[in-house]
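Trainee: Sending over coords-v1.txt (compact mmCIF, C-alpha atoms and all ligand atoms).
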```txt
# COMPACT_ATOMS: atom_id res chain seq x y z
CA MET A 71 12.22 -17.84 -23.70
CA PRO A 72 10.62 -16.75 -20.42
CA ARG A 73 6.88 -16.38 -20.14
CA SER A 74 5.95 -12.76 -20.87
CA THR A 75 3.70 -12.37 -17.84
CA THR A 76 4.92 -9.10 -16.29
CA ALA A 77 4.06 -6.21 -14.02
CA HIS A 78 5.11 -2.96 -15.71
CA ILE A 79 5.91 -0.23 -13.22
CA ASP A 80 5.40 3.36 -14.34
CA LEU A 81 7.68 5.44 -12.12
CA ASP A 82 6.55 8.74 -13.67
CA ALA A 83 3.01 7.92 -12.56
CA LEU A 84 4.37 7.20 -9.07
CA ARG A 85 6.07 10.60 -8.92
CA THR A 86 2.95 12.33 -10.22
CA ASN A 87 0.87 10.65 -7.51
CA TYR A 88 3.40 11.63 -4.83
CA ARG A 89 3.19 15.25 -5.97
CA LYS A 90 -0.61 15.03 -5.83
CA ALA A 91 -0.34 13.83 -2.24
CA CYS A 92 1.89 16.85 -1.49
CA GLU A 93 -0.66 19.23 -3.03
CA ARG A 94 -3.41 17.70 -0.91
CA ALA A 95 -1.26 17.71 2.22
CA GLY A 96 -1.11 21.53 2.39
CA ASN A 97 1.52 22.50 4.94
CA ALA A 98 2.19 18.95 6.06
CA ARG A 99 5.29 17.22 4.78
CA VAL A 100 4.73 13.85 3.14
CA MET A 101 6.52 10.65 4.11
CA ALA A 102 6.23 8.02 1.39
CA VAL A 103 4.86 4.74 2.73
CA VAL A 104 6.78 1.97 0.94
CA LYS A 105 6.13 -1.03 3.20
CA ALA A 106 5.27 -4.52 1.87
CA ASP A 107 7.89 -4.23 -0.89
CA GLY A 108 6.56 -0.86 -1.99
CA TYR A 109 2.99 -2.23 -2.07
CA GLY A 110 4.26 -5.00 -4.35
CA HIS A 111 6.07 -2.69 -6.80
CA GLY A 112 9.60 -3.33 -5.45
CA ILE A 113 10.79 -1.29 -2.47
CA ALA A 114 14.22 -0.42 -3.89
CA ARG A 115 12.90 0.91 -7.19
CA ILE A 116 10.06 2.81 -5.49
CA ALA A 117 12.41 4.37 -2.93
CA SER A 118 14.85 5.28 -5.71
CA ALA A 119 12.17 6.86 -7.87
CA LEU A 120 11.07 9.09 -4.99
CA ALA A 121 14.52 9.79 -3.56
CA ASP A 122 14.82 13.37 -4.80
CA ILE A 123 11.31 14.42 -3.76
CA ALA A 124 10.43 12.46 -0.59
CA PRO A 125 12.13 13.72 2.59
CA LYS A 126 11.25 10.58 4.59
CA TYR A 127 10.04 7.05 4.02
CA ALA A 128 7.82 4.88 6.21
CA VAL A 129 7.86 1.09 6.41
CA ALA A 130 6.38 -1.52 8.75
CA CYS A 131 9.54 -3.25 9.96
CA ILE A 132 13.28 -2.84 10.20
CA GLU A 133 14.09 -5.29 7.34
CA GLU A 134 12.23 -2.98 4.99
CA ALA A 135 14.19 0.00 6.29
CA PHE A 136 17.45 -1.85 5.61
CA ALA A 137 16.27 -2.50 2.04
CA ILE A 138 16.03 1.27 1.55
CA ARG A 139 19.55 1.74 2.91
CA ALA A 140 20.79 -1.07 0.65
CA ALA A 141 19.38 0.89 -2.29
CA GLY A 142 21.62 3.76 -1.20
CA HIS A 143 19.13 6.29 0.14
CA PRO A 144 20.02 8.26 3.27
CA GLN A 145 16.62 9.74 4.22
CA PRO A 146 15.22 8.90 7.66
CA VAL A 147 12.92 5.88 7.64
CA VAL A 148 10.00 5.67 10.06
CA LEU A 149 9.26 2.18 11.41
CA LEU A 150 5.49 2.20 11.77
CA GLN A 151 5.47 -0.93 13.94
CA GLY A 152 8.33 0.21 16.13
CA VAL A 153 10.93 -2.43 16.93
CA HIS A 154 10.56 -6.11 17.73
CA ALA A 155 13.59 -6.44 20.03
CA ALA A 156 15.75 -4.22 22.24
CA ASP A 157 18.77 -4.70 19.94
CA ASP A 158 16.93 -3.13 17.05
CA LEU A 159 17.15 0.26 18.76
CA ALA A 160 20.93 0.31 18.31
CA ASP A 161 20.40 -0.32 14.58
CA CYS A 162 17.92 2.53 14.54
CA VAL A 163 20.53 4.86 16.05
CA LYS A 164 23.18 3.79 13.52
CA ASN A 165 20.93 3.98 10.49
CA GLN A 166 18.64 6.91 11.22
CA PHE A 167 15.55 4.74 11.52
CA GLU A 168 12.77 6.36 13.55
CA PRO A 169 10.68 3.74 15.36
CA VAL A 170 7.10 4.49 16.38
CA LEU A 171 6.96 3.11 19.92
CA HIS A 172 3.55 1.81 20.86
CA GLY A 173 3.86 -0.18 24.07
CA GLY A 174 5.41 -0.18 27.53
CA HIS A 175 7.82 -3.00 26.64
CA GLN A 176 9.35 -0.82 23.89
CA LEU A 177 9.82 2.06 26.35
CA GLN A 178 11.62 -0.35 28.65
CA TRP A 179 14.01 -1.26 25.80
CA LEU A 180 14.51 2.44 25.14
CA GLY A 181 15.50 2.90 28.81
CA GLN A 182 18.18 0.20 28.48
CA GLY A 183 20.04 1.82 25.58
CA ASN A 184 23.07 4.10 25.88
CA HIS A 185 22.15 5.99 22.77
CA LEU A 186 18.63 6.72 21.64
CA PRO A 187 17.24 6.96 18.13
CA ASP A 188 14.86 9.66 17.07
CA PHE A 189 11.46 8.13 17.78
CA TRP A 190 7.73 8.71 17.79
CA LEU A 191 4.95 7.72 20.16
CA LYS A 192 1.84 5.97 18.91
CA VAL A 193 -1.39 7.23 20.40
CA ASN A 194 -4.41 4.94 20.28
CA THR A 195 -7.34 7.19 19.41
CA GLY A 196 -9.82 4.43 18.63
CA MET A 197 -8.28 2.08 16.07
CA ASN A 198 -7.35 -0.20 18.98
CA ARG A 199 -4.53 -1.99 17.21
CA LEU A 200 -1.45 -0.30 18.67
CA GLY A 201 -0.58 2.64 20.84
CA PHE A 202 -0.85 4.23 24.25
CA ARG A 203 -4.33 5.27 25.34
CA SER A 204 -4.71 8.99 25.12
CA ASP A 205 -5.46 9.24 28.85
CA ASP A 206 -2.22 7.37 29.63
CA LEU A 207 -0.11 9.86 27.68
CA PRO A 208 0.80 12.05 30.69
CA SER A 209 2.29 9.08 32.56
CA VAL A 210 4.10 7.85 29.43
CA MET A 211 5.58 11.30 28.95
CA ALA A 212 6.63 11.47 32.59
CA ARG A 213 8.41 8.13 32.15
CA LEU A 214 10.23 9.41 29.05
CA GLU A 215 11.25 12.55 30.85
CA LYS A 216 12.73 10.47 33.67
CA MET A 217 14.85 8.54 31.14
CA ASN A 218 15.97 11.81 29.57
CA ALA A 219 14.48 10.65 26.28
CA PHE A 220 12.70 13.89 25.43
CA PRO A 221 15.35 15.29 23.07
CA TRP A 222 14.86 12.30 20.72
CA LEU A 223 11.06 12.29 20.78
CA GLN A 224 9.89 13.66 17.43
CA GLY A 225 6.20 13.61 18.10
CA PHE A 226 2.95 11.69 18.06
CA VAL A 227 1.44 9.32 15.55
CA SER A 228 -2.10 8.00 15.31
CA HIS A 229 -4.00 6.04 12.66
CA PHE A 230 -7.59 6.31 11.43
CA ALA A 231 -10.00 3.39 11.36
CA CYS A 232 -12.61 4.76 8.93
CA ALA A 233 -10.98 7.49 6.82
CA ASP A 234 -12.00 5.58 3.66
CA ASP A 235 -15.66 6.17 4.50
CA ALA A 236 -16.69 9.77 3.86
CA GLY A 237 -19.88 9.31 5.88
CA SER A 238 -18.16 8.14 9.08
CA THR A 239 -17.91 10.44 12.09
CA MET A 240 -15.07 8.35 13.50
CA THR A 241 -12.26 10.29 11.78
CA SER A 242 -13.27 13.61 13.28
CA ALA A 243 -13.71 11.97 16.69
CA GLN A 244 -10.24 10.42 16.47
CA THR A 245 -8.77 13.74 15.33
CA ALA A 246 -10.34 15.53 18.29
CA THR A 247 -9.06 12.90 20.72
CA PHE A 248 -5.58 13.16 19.21
CA GLU A 249 -5.47 16.95 19.36
CA ALA A 250 -6.68 17.04 22.94
CA ALA A 251 -4.28 14.32 24.09
CA THR A 252 -1.22 15.91 22.49
CA SER A 253 -2.04 19.56 23.24
CA PRO A 254 0.15 19.77 26.38
CA TRP A 255 3.21 19.28 24.10
CA PRO A 256 2.66 21.74 21.25
CA SER A 257 6.31 21.80 20.18
CA LEU A 258 6.26 18.11 19.23
CA MET A 259 5.17 17.03 15.76
CA LYS A 260 1.98 15.19 14.85
CA SER A 261 1.21 12.69 12.11
CA VAL A 262 -2.15 11.09 11.37
CA GLY A 263 -3.05 10.99 7.69
CA ASN A 264 -3.09 7.84 5.56
CA SER A 265 -4.02 8.24 1.88
CA ALA A 266 -7.76 8.44 2.56
CA ALA A 267 -7.28 11.40 4.93
CA HIS A 268 -5.91 13.44 1.99
CA PHE A 269 -9.35 13.28 0.38
CA ILE A 270 -11.42 14.39 3.39
CA PRO A 271 -12.29 18.07 3.03
CA GLY A 272 -10.99 20.10 5.97
CA GLN A 273 -9.15 17.17 7.57
CA PRO A 274 -6.03 18.46 9.37
CA LEU A 275 -2.87 16.56 8.40
CA PHE A 276 -0.64 18.35 10.93
CA ASP A 277 3.13 18.03 10.37
CA TRP A 278 3.59 14.80 8.42
CA SER A 279 1.14 12.86 6.30
CA ARG A 280 1.67 9.16 5.47
CA PRO A 281 0.17 8.20 2.11
CA GLY A 282 0.65 4.68 0.81
CA ILE A 283 -1.90 3.31 -1.63
CA MET A 284 -2.51 6.62 -3.41
CA LEU A 285 1.15 6.76 -4.46
CA TYR A 286 0.56 3.55 -6.41
CA GLY A 287 -2.69 4.81 -7.97
CA GLY A 288 -5.04 2.67 -5.88
CA SER A 289 -8.10 4.26 -4.39
CA PRO A 290 -8.20 4.79 -0.63
CA ILE A 291 -11.89 5.74 -0.75
CA VAL A 292 -14.75 3.24 -0.71
CA GLY A 293 -16.82 3.42 -3.89
CA LYS A 294 -14.26 5.43 -5.90
CA THR A 295 -11.48 4.28 -8.20
CA GLY A 296 -7.98 5.75 -8.27
CA PRO A 297 -8.49 7.48 -11.65
CA GLU A 298 -11.75 8.99 -10.36
CA LEU A 299 -9.64 10.59 -7.63
CA GLY A 300 -7.11 11.91 -10.16
CA LEU A 301 -4.52 9.20 -9.48
CA GLU A 302 -2.49 7.43 -12.14
CA PRO A 303 -2.10 3.65 -12.18
CA VAL A 304 1.51 2.67 -11.49
CA MET A 305 1.32 -1.09 -12.12
CA THR A 306 0.10 -2.63 -15.37
CA LEU A 307 -0.24 -6.38 -15.01
CA GLU A 308 -0.04 -8.20 -18.32
CA ALA A 309 0.03 -11.79 -19.54
CA PRO A 310 -0.05 -13.43 -22.96
CA LEU A 311 -2.90 -15.28 -24.58
CA ILE A 312 -1.51 -18.80 -24.95
CA THR A 313 -4.39 -20.33 -26.85
CA THR A 314 -7.73 -19.41 -28.38
CA ARG A 315 -10.64 -21.65 -29.33
CA THR A 316 -14.37 -21.70 -29.75
CA VAL A 317 -16.32 -23.53 -27.07
CA ARG A 318 -19.72 -24.72 -28.16
CA ALA A 319 -23.01 -23.87 -26.53
CA GLY A 320 -23.47 -26.13 -23.54
CA GLU A 321 -19.73 -26.81 -23.01
CA SER A 322 -18.03 -25.67 -19.82
CA VAL A 323 -14.63 -24.10 -19.15
CA GLY A 324 -12.20 -24.85 -16.34
CA TYR A 325 -12.34 -26.29 -12.82
CA GLY A 326 -15.72 -27.11 -11.41
CA ALA A 327 -17.17 -26.60 -14.89
CA ALA A 328 -18.12 -23.29 -13.28
CA TRP A 329 -18.93 -21.47 -16.51
CA VAL A 330 -21.08 -22.95 -19.26
CA ALA A 331 -21.32 -21.36 -22.71
CA GLU A 332 -24.83 -20.21 -23.57
CA ARG A 333 -23.83 -19.92 -27.22
CA ASP A 334 -20.75 -20.76 -29.25
CA THR A 335 -18.07 -18.49 -27.77
CA ARG A 336 -14.55 -17.67 -28.85
CA MET A 337 -12.37 -17.80 -25.78
CA GLY A 338 -8.73 -17.67 -24.83
CA MET A 339 -6.42 -18.85 -22.05
CA VAL A 340 -4.15 -16.30 -20.40
CA ALA A 341 -0.86 -17.26 -18.72
CA ILE A 342 -1.51 -15.90 -15.25
CA GLY A 343 -3.27 -17.32 -12.22
CA TYR A 344 -3.45 -17.25 -8.46
CA GLY A 345 0.12 -18.61 -8.32
CA ASP A 346 1.09 -15.19 -9.67
CA GLY A 347 -1.10 -13.42 -7.15
CA TYR A 348 -4.05 -12.81 -9.43
CA PRO A 349 -7.05 -13.18 -7.11
CA ARG A 350 -8.80 -16.56 -7.29
CA HIS A 351 -12.00 -14.91 -6.08
CA ALA A 352 -12.27 -12.87 -9.28
CA GLY A 353 -15.13 -14.69 -10.98
CA THR A 354 -16.88 -14.63 -14.33
CA ASP A 355 -17.39 -11.07 -15.62
CA THR A 356 -14.30 -9.64 -13.92
CA PRO A 357 -12.91 -7.19 -16.51
CA ALA A 358 -9.61 -7.50 -18.37
CA ALA A 359 -8.52 -5.84 -21.63
CA ILE A 360 -6.86 -6.62 -24.90
CA GLY A 361 -5.64 -3.92 -27.27
CA GLY A 362 -7.42 -1.32 -25.14
CA ARG A 363 -10.72 -3.15 -25.49
CA ARG A 364 -12.48 -4.56 -22.44
CA ILE A 365 -13.11 -8.28 -22.22
CA ARG A 366 -14.22 -10.46 -19.30
CA LEU A 367 -13.03 -13.48 -17.35
CA ILE A 368 -15.04 -16.69 -17.54
CA GLY A 369 -14.96 -19.60 -15.10
CA ARG A 370 -12.54 -20.14 -12.25
CA VAL A 371 -9.03 -18.73 -12.03
CA SER A 372 -6.48 -21.60 -11.95
CA MET A 373 -2.98 -21.46 -10.45
CA ASP A 374 -1.23 -20.66 -13.75
CA MET A 375 -4.04 -19.70 -16.12
CA LEU A 376 -7.34 -18.01 -16.46
CA ALA A 377 -9.95 -18.00 -19.23
CA VAL A 378 -11.34 -14.97 -21.05
CA ASP A 379 -14.29 -14.46 -23.36
CA LEU A 380 -12.97 -13.02 -26.65
CA SER A 381 -16.36 -12.07 -28.13
CA ASN A 382 -15.36 -8.41 -27.76
CA ALA A 383 -11.93 -8.87 -29.34
CA PRO A 384 -12.48 -11.02 -32.44
CA GLU A 385 -9.03 -10.20 -33.85
CA ALA A 386 -7.17 -11.43 -30.71
CA ARG A 387 -4.53 -14.10 -31.40
CA GLU A 388 -2.09 -16.28 -29.46
CA GLY A 389 0.77 -14.16 -28.19
CA ASP A 390 -1.33 -11.01 -27.78
CA MET A 391 -0.97 -9.41 -24.37
CA VAL A 392 -3.94 -9.23 -22.02
CA GLU A 393 -4.07 -6.41 -19.45
CA LEU A 394 -5.33 -7.77 -16.13
CA TRP A 395 -5.18 -4.31 -14.61
CA GLY A 396 -3.61 -1.01 -15.57
CA ARG A 397 -4.89 1.93 -17.61
CA THR A 398 -7.87 0.27 -19.30
CA VAL A 399 -9.04 -1.83 -16.35
CA GLY A 400 -8.44 -0.30 -12.94
CA VAL A 401 -6.99 -2.42 -10.14
CA ASP A 402 -9.81 -1.10 -7.95
CA GLU A 403 -12.38 -2.61 -10.33
CA VAL A 404 -10.72 -6.02 -10.24
CA ALA A 405 -10.43 -5.79 -6.46
CA SER A 406 -14.09 -5.06 -6.12
CA CYS A 407 -14.96 -8.06 -8.35
CA ALA A 408 -12.78 -10.20 -6.08
CA GLY A 409 -14.36 -8.87 -2.89
CA THR A 410 -11.19 -7.13 -1.72
CA ILE A 411 -9.22 -3.88 -2.00
CA SER A 412 -6.44 -2.83 -4.37
CA TYR A 413 -3.94 -3.00 -1.49
CA GLU A 414 -4.33 -6.78 -1.30
CA LEU A 415 -4.04 -7.30 -5.05
CA LEU A 416 -0.94 -5.12 -5.45
CA THR A 417 0.90 -6.56 -2.45
CA GLY A 418 -0.15 -10.08 -3.45
CA ILE A 419 1.62 -10.30 -6.82
CA THR A 420 4.17 -13.04 -6.29
CA SER A 421 7.87 -13.17 -7.11
CA ARG A 422 7.04 -15.31 -10.15
CA VAL A 423 6.02 -12.11 -11.95
CA PRO A 424 8.96 -9.94 -13.02
CA ARG A 425 8.54 -6.22 -12.36
CA ILE A 426 9.71 -4.17 -15.32
CA CYS A 427 10.14 -0.40 -15.42
CA GLY A 428 9.42 1.86 -18.30
C1 LIG B 501 0.08 1.44 5.88
C2 LIG B 501 -0.02 2.63 6.74
C3 LIG B 501 -0.21 3.89 6.17
C4 LIG B 501 -0.52 4.10 4.71
O1 LIG B 501 -1.89 3.75 4.50
P1 LIG B 501 -2.58 3.93 3.06
O2 LIG B 501 -4.01 3.63 3.34
O3 LIG B 501 -1.96 2.92 2.16
O4 LIG B 501 -2.34 5.30 2.63
C5 LIG B 501 -0.16 4.98 7.03
N1 LIG B 501 0.04 4.84 8.35
C6 LIG B 501 0.19 3.63 8.93
C7 LIG B 501 0.39 3.54 10.40
C8 LIG B 501 0.16 2.49 8.15
O5 LIG B 501 0.29 1.29 8.73
```
Please lay out the structure from this file as structure tokens.
Ligand SMILES: *Cc1c(COP(=O)(O)O)cnc(C)c1O

Mentor:
Amino acid sequence: MPRSTTAHIDLDALRTNYRKACERAGNARVMAVVKADGYGHGIARIASALADIAPKYAVACIEEAFAIRAAGHPQPVVLLQGVHAADDLADCVKNQFEPVLHGGHQLQWLGQGNHLPDFWLKVNTGMNRLGFRSDDLPSVMARLEKMNAFPWLQGFVSHFACADDAGSTMTSAQTATFEAATSPWPSLMKSVGNSAAHFIPGQPLFDWSRPGIMLYGGSPIVGKTGPELGLEPVMTLEAPLITTRTVRAGESVGYGAAWVAERDTRMGMVAIGYGDGYPRHAGTDTPAAIGGRRIRLIGRVSMDMLAVDLSNAPEAREGDMVELWGRTVGVDEVASCAGTISYELLTGITSRVPRICG
């Protein structure tokens, strides 16, 4: 019998979160960001669950776009990182993929093609990862006009550096730079908003917003959890208790003898570890739950196991399922205990953990 360690995926919660993004997006349409295997939930099932409500998907790279096509969905797919080779543009044409072009080398590839895909231009408004500087936009547009590429240009994309931080002035500065840079071409579309931007009062989202993490119930805002923002958890990560015992006062548990019992303590071992993608940096006191009751981790997370203190769940027995995150313990809470963000935890669950719907 296989180990019962599983990630349950609640597709109704996903759809509810997508609709919440739409409500917050006002007049903007909402492309569903499903990169990194649907933030670890399985790109095909996520794309399928949103197929009747999402008019467009967005992914990082062309392989991910092909995975959506393989699942049978015809919507356009935006490639947020553009293309990695000239040949990819022909695949974009054939498959209705819309690359976001961000550098001069990609424009050169565009100029070599006989047929052009619908595409977007990335404008660097301060993130300084990808994109054309806003003051270079006139020359980029002149170059596109010369190649007769204008009819395929959908519009402009930019990305915020600090939208998760309500106190930052950077988002409004980036928005102003973006609006000014793109204003000579008012008929083209604009897209800026990641999940966090949906929660900034008064933030314009223009024509297309691009939420990712909020669809999966993770919080995009520093200091808030998904449920505090009205989002529903999509993944519940569960693993069985495989043994229970009482450690005596003064005895330690696990590698490095990192946790020592102050008093006799009933504890259990749970069949999940960093080999499953559970974060090794989640230390003693990281929450988990059993039967809806909160318990805590003790000691170091091993590759295949972790230890929990069962003082709060005296009736817990071998075979009982422990929730590592889900409805009782939020993924954002675990992420914060591990010094990271829910994005990393969700995308980090390895293929050893079966994803199960329903
Ligand atoms: C990943 C990504 C998004 C989605 O970001 P979230 O914070 O998960 O909402 C949007 N736009 C771009 C360019 C991205 O790379």

Trainee: Return the single residue from A:Val210, A:Ala91, A:Met71, A:Met305 that is closest to Ile419 in chain A, with distances computed using all atoms listed in the file.

Mentor: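 When distances to Ile419 in chain A are compared using all atoms listed in the file, the smallest one comes from A:Met305.
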
Trainee: Excluding Met240 in chain A and its own-chain neighbours fewer than 4 positions away, which residues fall within 10 Å of it when counting all atoms listed in the file? Please give them as a list of chain:residue names.

Mentor: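 Using all atoms listed in the file, the neighbours found are A:Thr195, A:Gly196, A:Met197, A:Phe230, A:Ala231, A:Cys232, A:Ala233, A:Asp235, A:Ala236, A:Gln244, A:Thr245, A:Ala246.
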
Trainee: Write the residues of the selection above to a file with C-alpha atoms, as a PDB file, in the coordinates of the input.

Mentor:
```pdb
ATOM      1  CA  THR A 195      -7.340   7.190  19.410  1.00  0.00           C
ATOM      2  CA  GLY A 196      -9.820   4.430  18.630  1.00  0.00           C
ATOM      3  CA  MET A 197      -8.280   2.080  16.070  1.00  0.00           C
ATOM      4  CA  PHE A 230      -7.590   6.310  11.430  1.00  0.00           C
ATOM      5  CA  ALA A 231     -10.000   3.390  11.360  1.00  0.00           C
ATOM      6  CA  CYS A 232     -12.610   4.760   8.930  1.00  0.00           C
ATOM      7  CA  ALA A 233     -10.980   7.490   6.820  1.00  0.00           C
ATOM      8  CA  ASP A 235     -15.660   6.170   4.500  1.00  0.00           C
ATOM      9  CA  ALA A 236     -16.690   9.770   3.860  1.00  0.00           C
ATOM     10  CA  GLN A 244     -10.240  10.420  16.470  1.00  0.00           C
ATOM     11  CA  THR A 245      -8.770  13.740  15.330  1.00  0.00           C
ATOM     12  CA  ALA A 246     -10.340  15.530  18.290  1.00  0.00           C
TER      13      ALA A 246
END
```

Trainee: Do you know which residues are within 6 Å of ligand LIG 501 (chain B) using all atoms listed in the file? Can you write them as a list in words?

Mentor: Val103, Leu150, His229, Asn264, Ser265, Arg280, Pro281, Gly282, Ile283 and Pro290 of chain A

Trainee: Output the selection as a PDB file, in the coordinates of the input - C-alpha atoms for each residue.

Mentor:
```
ATOM      1  CA  VAL A 103       4.860   4.740   2.730  1.00  0.00           C
ATOM      2  CA  LEU A 150       5.490   2.200  11.770  1.00  0.00           C
ATOM      3  CA  HIS A 229      -4.000   6.040  12.660  1.00  0.00           C
ATOM      4  CA  ASN A 264      -3.090   7.840   5.560  1.00  0.00           C
ATOM      5  CA  SER A 265      -4.020   8.240   1.880  1.00  0.00           C
ATOM      6  CA  ARG A 280       1.670   9.160   5.470  1.00  0.00           C
ATOM      7  CA  PRO A 281       0.170   8.200   2.110  1.00  0.00           C
ATOM      8  CA  GLY A 282       0.650   4.680   0.810  1.00  0.00           C
ATOM      9  CA  ILE A 283      -1.900   3.310  -1.630  1.00  0.00           C
ATOM     10  CA  PRO A 290      -8.200   4.790  -0.630  1.00  0.00           C
TER      11      PRO A 290
END
```

Trainee: Quick one, how far is CA of Thr76 in chain A from CA of His143 in chain A?

Mentor: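 Computed distance, CA of Thr76 in chain A to CA of His143 in chain A, equals 26.6 Å.
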
Trainee: Could you tell me which of A:Arg333, A:Arg203, A:Lys90, A:Arg363 comes closest to Thr247 in chain A if we count only C-alpha atoms?

Mentor: A:Arg203

Trainee: Find the residues near Pro303 in chain A: any atom within 9 Å, counting all atoms listed in the file, skip ones fewer than 5 places away on the same chain, and give them as JSON, numbers by chain.

Mentor: {"A": [79, 80, 83, 84, 87, 285, 286, 287, 288, 296, 297, 395, 396, 397, 400, 401]}

Trainee: Pick the closest to Val104 in chain A from A:Leu415, A:Val423, A:Val147, A:Ile123: which is it, counting all atoms listed in the file?

Mentor: A:Val147

Trainee: Smallest atom-to-atom distance to Ala386 in chain A: which of A:Gln224, A:Thr313, A:Thr417, A:Asn218, using all atoms listed in the file?

Mentor: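 Using all atoms listed in the file, the shortest distance to Ala386 in chain A belongs to A:Thr313.
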
Trainee: Under the rule that all atoms listed in the file are counted, which of A:Arg370, A:His268, A:Lys294, A:His78 is the nearest residue to Arg425 in chain A?

Mentor: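 Of all the options, A:His78 lies closest to Arg425 in chain A.
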
Trainee: Using all atoms listed in the file, which residue out of A:Gly300, A:Gly181, A:Gly293, A:Gly369 lies closest to Ser406 in chain A?

Mentor: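 Closest to Ser406 in chain A, using all atoms listed in the file: A:Gly293.
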
Trainee: One decimal, in Å: what's the spacing between CA of Tyr109 in chain A and CA of Ile411 in chain A?

Mentor: 12.3 Å

Trainee: Which value, in Å to one decimal, gives the distance between CA of Glu388 in chain A and CA of Pro310 in chain A?

Mentor: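 Result for CA of Glu388 in chain A versus CA of Pro310 in chain A: 7.4 Å, one decimal.
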
Trainee: Need the neighbours of (-14.1, -23.9, -13.0): which residues are at most 10 Å away, counting all atoms listed in the file, as number ranges by chain?

Mentor: A: 322-330, 353-354, 368-372, 376-377

Trainee: Residues within 7 Å of range 169-180 of chain A, please, as a PDB file with C-alpha atoms, keeping the file's coordinate frame. Count all atoms listed in the file; anything in the same chain fewer than 2 positions from it doesn't count.

Mentor:
```
ATOM      1  CA  VAL A 148      10.000   5.670  10.060  1.00  0.00           C
ATOM      2  CA  LEU A 149       9.260   2.180  11.410  1.00  0.00           C
ATOM      3  CA  LEU A 150       5.490   2.200  11.770  1.00  0.00           C
ATOM      4  CA  GLN A 151       5.470  -0.930  13.940  1.00  0.00           C
ATOM      5  CA  GLY A 152       8.330   0.210  16.130  1.00  0.00           C
ATOM      6  CA  VAL A 153      10.930  -2.430  16.930  1.00  0.00           C
ATOM      7  CA  ALA A 156      15.750  -4.220  22.240  1.00  0.00           C
ATOM      8  CA  PHE A 167      15.550   4.740  11.520  1.00  0.00           C
ATOM      9  CA  GLN A 182      18.180   0.200  28.480  1.00  0.00           C
ATOM     10  CA  GLY A 183      20.040   1.820  25.580  1.00  0.00           C
ATOM     11  CA  LEU A 186      18.630   6.720  21.640  1.00  0.00           C
ATOM     12  CA  PHE A 189      11.460   8.130  17.780  1.00  0.00           C
ATOM     13  CA  TRP A 190       7.730   8.710  17.790  1.00  0.00           C
ATOM     14  CA  LEU A 191       4.950   7.720  20.160  1.00  0.00           C
ATOM     15  CA  LYS A 192       1.840   5.970  18.910  1.00  0.00           C
ATOM     16  CA  LEU A 200      -1.450  -0.300  18.670  1.00  0.00           C
ATOM     17  CA  GLY A 201      -0.580   2.640  20.840  1.00  0.00           C
ATOM     18  CA  PHE A 202      -0.850   4.230  24.250  1.00  0.00           C
TER      19      PHE A 202
END
```

Trainee: Within 9 Å of range 118-120 of chain A, counting only C-alpha atoms, which residues qualify if same-chain residues fewer than 5 places away don't, as a PyMOL selection string?

Mentor: chain A and resi 81-82+84-85+88+102+113+125+138+141-143

Trainee: Please provide as number ranges by chain all residues within 10 Å of Val100 in chain A, with the sequence filter that same-chain residues fewer than 4 positions apart are discarded (counting all atoms listed in the file).

Mentor: A: 88-89, 91-96, 123-128, 261, 263, 275, 277-281

Trainee: Dig up all the protein and nucleic acid residues within 7 Å of (-7.0, -15.5, -27.3) in the file frame, using all atoms listed in the file, and format them as a list in words.

Mentor: Leu311, Ile312, Thr313, Thr314, Met337, Gly338, Met339, Leu380, Ala386, Arg387 and Glu388 of chain A

Trainee: Would you mind writing range 80-88 of chain A with N, CA and C atoms, as a short mmCIF file (atom, residue, chain, number, x, y, z; two decimals), in the coordinates of the input?

Mentor:
```cif
data_model
loop_
_atom_site.label_atom_id
_atom_site.label_comp_id
_atom_site.auth_asym_id
_atom_site.auth_seq_id
_atom_site.Cartn_x
_atom_site.Cartn_y
_atom_site.Cartn_z
N ASP A 80 5.26 2.02 -13.74
CA ASP A 80 5.40 3.36 -14.34
C ASP A 80 5.84 4.34 -13.24
N LEU A 81 7.14 4.61 -13.21
CA LEU A 81 7.68 5.44 -12.12
C LEU A 81 7.32 6.91 -12.28
N ASP A 82 7.04 7.36 -13.50
CA ASP A 82 6.55 8.74 -13.67
C ASP A 82 5.18 8.90 -13.02
N ALA A 83 4.34 7.87 -13.19
CA ALA A 83 3.01 7.92 -12.56
C ALA A 83 3.16 7.97 -11.03
N LEU A 84 4.12 7.19 -10.51
CA LEU A 84 4.37 7.20 -9.07
C LEU A 84 4.73 8.61 -8.58
N ARG A 85 5.63 9.26 -9.31
CA ARG A 85 6.07 10.60 -8.92
C ARG A 85 4.92 11.60 -9.02
N THR A 86 4.12 11.45 -10.07
CA THR A 86 2.95 12.33 -10.22
C THR A 86 2.00 12.15 -9.02
N ASN A 87 1.77 10.90 -8.64
CA ASN A 87 0.87 10.65 -7.51
C ASN A 87 1.46 11.20 -6.21
N TYR A 88 2.77 11.08 -6.04
CA TYR A 88 3.40 11.63 -4.83
C TYR A 88 3.20 13.15 -4.78
#
```
